[in-house]
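Presented below is the structure to which this report refers.
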Amino acid sequence: MNSRRRAELQRKLSLSAVPRPPADLAERIKRDIPEDLRVETGAPQRSWGFALKIAASLVLLAGAAGLTFFLMPGGAPEVRVATAPAAPRVAVPAVAREAEALPEVSTASSAGIERAKRGAAAIGTADADTSGAPVLTASAEVPAEAARSVESPAAEGSIASAAEPAAVADFSAAEAPAAARDLGVAAAAPAPPPPSYAAAEGAPAAEAQRKARAAAPMTVQAAAPPPQPRSAFGVSVDDAAFDRVRSALEAGTSPSPASIDVEALVNYFAGAPAHAPREALRLDVEASPSPVPIGPDRVMLRVTLDAGRSGARDAAVDVEIGPAVTRVRRIGGGRQFSREATVNPGSSVTVLYELTLSRGLAAAQQVATVHLGYTDGNGERHVTERTVAARDLVRTWPAASRRHRLATLGAVWSESLRNGSMRAAVAEQAEELAAQDPEDARARDLADVATAGLK
Amino acid sequence: MAEVASFPAREAERDVSAPLDERRLLAAIRSGDRAAAEELVERTYGAVFASVFRLCGDRELAADLTQETYQKAWSALPKFDGRSQLFTWLYRIAYTTFLNHVRRPQRITSIDEEDAPELPDERPPADEQLVTEQEAARLREAVLRLPEDLRFTVTAHFWGGLAVKEIAAIEQITTVAIRKRLQRAFTLLEPMLDEDVR
């Protein structure tokens with residue numbers, strides 16, 4: 001390359017135009033400054049992790065030295081020594097590995113949220129829904145990373161076609177790396193269970209409306225309820241989906257597979273939170289084994305967004321599946337979350353994923369990270385994320401929150417309508433769930449239809 | 001040209017008192033001085049935003065990634081030993097934040113551009129742009145396709161404004177090695193110049 005061309009290339013690299021940052025960016029960044037910035041004095045600034053790594057290295061060195069001595073000629077017979085397995089790490093970019101001052105930045109836990117291009121901030125095209133509320137139709141792609149496969153039809157062993165009961169994977173602190181245990185590092189306590197879902201009392205107006213419709217479907221109401229959007233973030237939230245299925249079952253007919261809107265049914269059973277969130281948009285993430293056995297190492301991940309009283313706009317959600325997952329299936333077959341220009345106050349949307357996990361996960365290994373960005377009613381931009389590591393998985397389905405149990409059992413029931421599998425097991429779980437809270441109308445609905453489906 | 005916070009000055013132009021300023025600022029932040037943290041933000045966010053924008057080419061995305069960069073920076077502060085400059089450290093975090101973003105397996109599909117609302121265009125007028133948008137996009141793609149060591153060196157130097165000496169310190173190699181990386185990168189990027197001519 002001659003000097004002229006080199007200079008031209010350098011010029012182009014240096015002179016690309018840059019717009020001004022958004023006017024509120026500095027304030028947004030300052031709002032994120034932690035309350036307590038203090039760092040303990042004493043040089044060098046080292047973390048517990050660094051000290052543990054040094055200690056682990058010394059232990060390994062001592063072990064290696066001892067082994068060498070032991071294996072010297074004339075010594076003891078050859079023995080096999082099981083070395084402590086290296087703590088599994090999530091793949092990190094080379095630049096992060098080399099940095100001396102970076103946090104554990106990895107593809108797993110640190111990344112911000114994925115967004116659409118500027119055009120995605122649009123009010124979407126209206127679909128056939130005439131409710132008038134902004135509706136965005138999803139057109140996202142199914143993940144196709146080479147390291148993992150995505151099953152779109154239900155594969156053998158999945159929820160929709162479980163062949164025979166199998167042990168549900170136990171994700172306990174016993175999965176912690178041996179080195180960490182040797183150094184006396186306690187595995188992190190499991191996260192406290194999320195608040196349980198409670199329906200009936202305190203339920204939003206939509207619940208009362210649904211009951212009124214179910215009780216007197218032919219009654220003409222003087223004041224029509226506000227129309228509910230049929231989708232949010234590209235997820236079907238059609239609240240008439242359950243009534244359609246129930247009507248068919250009560251009439252003694254089986255609903256056609258095409259009429260079973262699994263996504264909408266999941267959202268029906270997930271319902272609204274017991275209390276309206278204080279924030280404009282709240283992210284709730286939970287993962288547990290399936291309510292019915294579907295195979296080892298399979299879990300169900302729930303991602304729920306609840307809008308507060310003020311609503312939100314320009315909201316984007318990204319679900320990042322970690323390398324601990326070998327297969328992922330979005331229940332209901334929907335596509336990606338789409339960017340939502342306006343999130344109605346008091347609305348909720350839930351999506352479920354069926355994940356197949358690698359064996360022998362370390363407690364800290366990432367299962368999924370959900371990223372959320374939105375602008376609240378005051379125009380402030382918020383960015384947040386929730387990570388589910390192996391240690392965060394709820395160990396048994398009954399230990400999960402009530403809302404999670406309803407949503408996941410509703411999903412399994414919905415899919416069983418299509419293929420007839422696991423109906424008895426679903427009905428049994430539904431009856432037990434309803435019995436635990438007789439005031440929970442949705443649990444009662446699920447038990448009723450699950451039992452009716454057995455006849 | 002748009003008003004954007006300038007990159008940190010090249011080493012030859014740098015105020016010799018700047019490193020002391022940074023040390024004082026860092027010490028103040030570590031003692032819990034919020035005003036010092038806000039001063040750090042004011043002094044650096046524009047340059048961080050510009051660097052990230054040059055990496056991703058999207059103003060809103062660059063703003064969000066910039067915000068996340070500082071979130072990570074506050075968490076990483078205990079581990080920062082001050083051997084590199086504050087902006088260098090911030091740039092590394094921003095660069096990695098961007099990489100993590102593009103490497104994530106799932107992406108949200110963009111909605112049709114035709115439905116995009118009219119947002120105020122704060123970019124400089126077209127006649128002031130020395131590099132067209134198309135050229136910038138092609139250049140960005142070409143740079144991001146470089147091998148990692150070359151990619152970081154090119155983006156840190158030209159888009160992060162880091163001096164060769166600073167990059168050498170981060171990468172823990174010599175400045176000669178950094179200059180060789182730049183040469184190799186230029187060789188790989190050179191065909192792009194001919195594409196612009198077509």
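Simple scheme: letters A, B, ... for chains in structure tokens order, numbers from 1 for residues in each chain, numbers from 1 for ligands in the order shown.
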Practice task
Write down as a ChimeraX atom specification the residues belonging to range 228-444 of chain A that are assigned strand (DSSP E) by DSSP computed on the backbone.
Solution key: /A:231-232,235-236,281-288,298-307,312-321,325-330,340-343,348-357,366-375,381-389
Exercise for the section: Name all residues at most 8 Å from range 183-188 of chain B (count only C-alpha atoms; drop same-chain ones fewer than 4 positions away) and give them as a VMD selection string. Expected result: (chain A and resid 1 6 9) or (chain B and resid 146 150 to 151 154 179)
Practice task
Determine the nearest neighbour of chain A from the options B:Asn100, B:Thr153, B:Thr66, B:Ser51, counting only C-alpha atoms.
Solution key: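 Result for the nearest residue to chain A: B:Asn100.
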Practice task
Show which residues sit within 10 Å of Asp36 in chain A, as a PyMOL selection string. Count only C-alpha atoms, and ignore same-chain residues fewer than 3 positions away.
Solution key: (chain A and resi 33+39) or (chain B and resi 29-34+74)
Fill in the blank from the handout: Residue with the minimum atom-to-atom distance to chain B, picked from A:Ala287, A:Leu417, A:Ala23, A:Val394 with only C-alpha atoms counted, is A:Ala23
Practice task
Tell me, as a list in words, which residues lie within 10 Å of range 423-430 of chain A, counting only C-alpha atoms; anything in the same chain fewer than 6 positions away does not count.
Solution key: Pro291, Val292, Pro293, Pro398, Arg405, Leu406, Leu409, Gly410, Val412, Trp413, Ser414, Glu415, Ser416, Leu417, Gln436, Ala443, Arg444, Asp445, Leu446, Ala447, Asp448, Val449, Ala450, Thr451, Ala452, Gly453 and Leu454 of chain A
Practice task
May I ask for the distance between CA of Ala62 in chain B and CA of Trp89 in chain B, given in Å to one decimal place?
Solution key: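 About the pair CA of Ala62 in chain B and CA of Trp89 in chain B: they are 17.8 Å apart.
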Handout entry: Pairwise distance for CA of Thr69 in chain B and CA of Ala142 in chain B, rounded to one decimal in Å
Key = 24.0 Å
Handout entry: Proximity to chain B - best of A:Pro323, A:Pro345, A:Pro289, A:Pro296, only C-alpha atoms
Key =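 When distances to chain B are compared using only C-alpha atoms, the smallest one comes from A:Pro323.
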Excluding Thr44 in chain B and any residue of its chain fewer than 3 positions from it, enumerate the residues within 8 Å of it, using only C-alpha atoms, and give them as a PDB file with all heavy atoms, in the first residue's frame.
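As a result, result-v9.pdb now contains:
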```pdb
ATOM      1  N   ALA B   5     -18.140  15.802  22.142  1.00  0.00           N
ATOM      2  CA  ALA B   5     -16.988  15.876  23.034  1.00  0.00           C
ATOM      3  C   ALA B   5     -15.775  15.310  22.326  1.00  0.00           C
ATOM      4  O   ALA B   5     -15.829  14.243  21.726  1.00  0.00           O
ATOM      5  CB  ALA B   5     -17.254  15.082  24.312  1.00  0.00           C
ATOM      6  N   LEU B  40     -16.793  12.873  36.171  1.00  0.00           N
ATOM      7  CA  LEU B  40     -16.228  11.890  35.244  1.00  0.00           C
ATOM      8  C   LEU B  40     -17.175  11.665  34.076  1.00  0.00           C
ATOM      9  O   LEU B  40     -16.770  11.591  32.921  1.00  0.00           O
ATOM     10  CB  LEU B  40     -15.965  10.578  35.979  1.00  0.00           C
ATOM     11  CG  LEU B  40     -15.588   9.386  35.083  1.00  0.00           C
ATOM     12  CD1 LEU B  40     -14.251   9.625  34.397  1.00  0.00           C
ATOM     13  CD2 LEU B  40     -15.546   8.091  35.884  1.00  0.00           C
ATOM     14  N   VAL B  41     -18.445  11.551  34.396  1.00  0.00           N
ATOM     15  CA  VAL B  41     -19.433  11.347  33.336  1.00  0.00           C
ATOM     16  C   VAL B  41     -19.411  12.514  32.363  1.00  0.00           C
ATOM     17  O   VAL B  41     -19.331  12.334  31.147  1.00  0.00           O
ATOM     18  CB  VAL B  41     -20.844  11.164  33.934  1.00  0.00           C
ATOM     19  CG1 VAL B  41     -21.907  11.151  32.833  1.00  0.00           C
ATOM     20  CG2 VAL B  41     -20.915   9.877  34.742  1.00  0.00           C
ATOM     21  N   ALA B  47     -17.347  11.394  24.458  1.00  0.00           N
ATOM     22  CA  ALA B  47     -16.350  10.633  23.710  1.00  0.00           C
ATOM     23  C   ALA B  47     -16.697   9.155  23.692  1.00  0.00           C
ATOM     24  O   ALA B  47     -16.495   8.467  22.687  1.00  0.00           O
ATOM     25  CB  ALA B  47     -14.962  10.859  24.314  1.00  0.00           C
ATOM     26  N   VAL B  48     -17.206   8.664  24.808  1.00  0.00           N
ATOM     27  CA  VAL B  48     -17.613   7.252  24.833  1.00  0.00           C
ATOM     28  C   VAL B  48     -18.743   7.038  23.832  1.00  0.00           C
ATOM     29  O   VAL B  48     -18.742   6.080  23.051  1.00  0.00           O
ATOM     30  CB  VAL B  48     -18.054   6.836  26.251  1.00  0.00           C
ATOM     31  CG1 VAL B  48     -18.637   5.422  26.246  1.00  0.00           C
ATOM     32  CG2 VAL B  48     -16.886   6.914  27.217  1.00  0.00           C
ATOM     33  N   PHE B  87     -10.068   7.144  30.528  1.00  0.00           N
ATOM     34  CA  PHE B  87     -10.814   6.983  29.280  1.00  0.00           C
ATOM     35  C   PHE B  87     -10.435   5.687  28.583  1.00  0.00           C
ATOM     36  O   PHE B  87     -11.287   5.036  27.977  1.00  0.00           O
ATOM     37  CB  PHE B  87     -10.606   8.163  28.332  1.00  0.00           C
ATOM     38  CG  PHE B  87     -11.439   8.012  27.096  1.00  0.00           C
ATOM     39  CD1 PHE B  87     -12.785   8.356  27.093  1.00  0.00           C
ATOM     40  CD2 PHE B  87     -10.899   7.482  25.930  1.00  0.00           C
ATOM     41  CE1 PHE B  87     -13.578   8.179  25.966  1.00  0.00           C
ATOM     42  CE2 PHE B  87     -11.681   7.308  24.801  1.00  0.00           C
ATOM     43  CZ  PHE B  87     -13.024   7.655  24.822  1.00  0.00           C
TER      44      PHE B  87
END
```
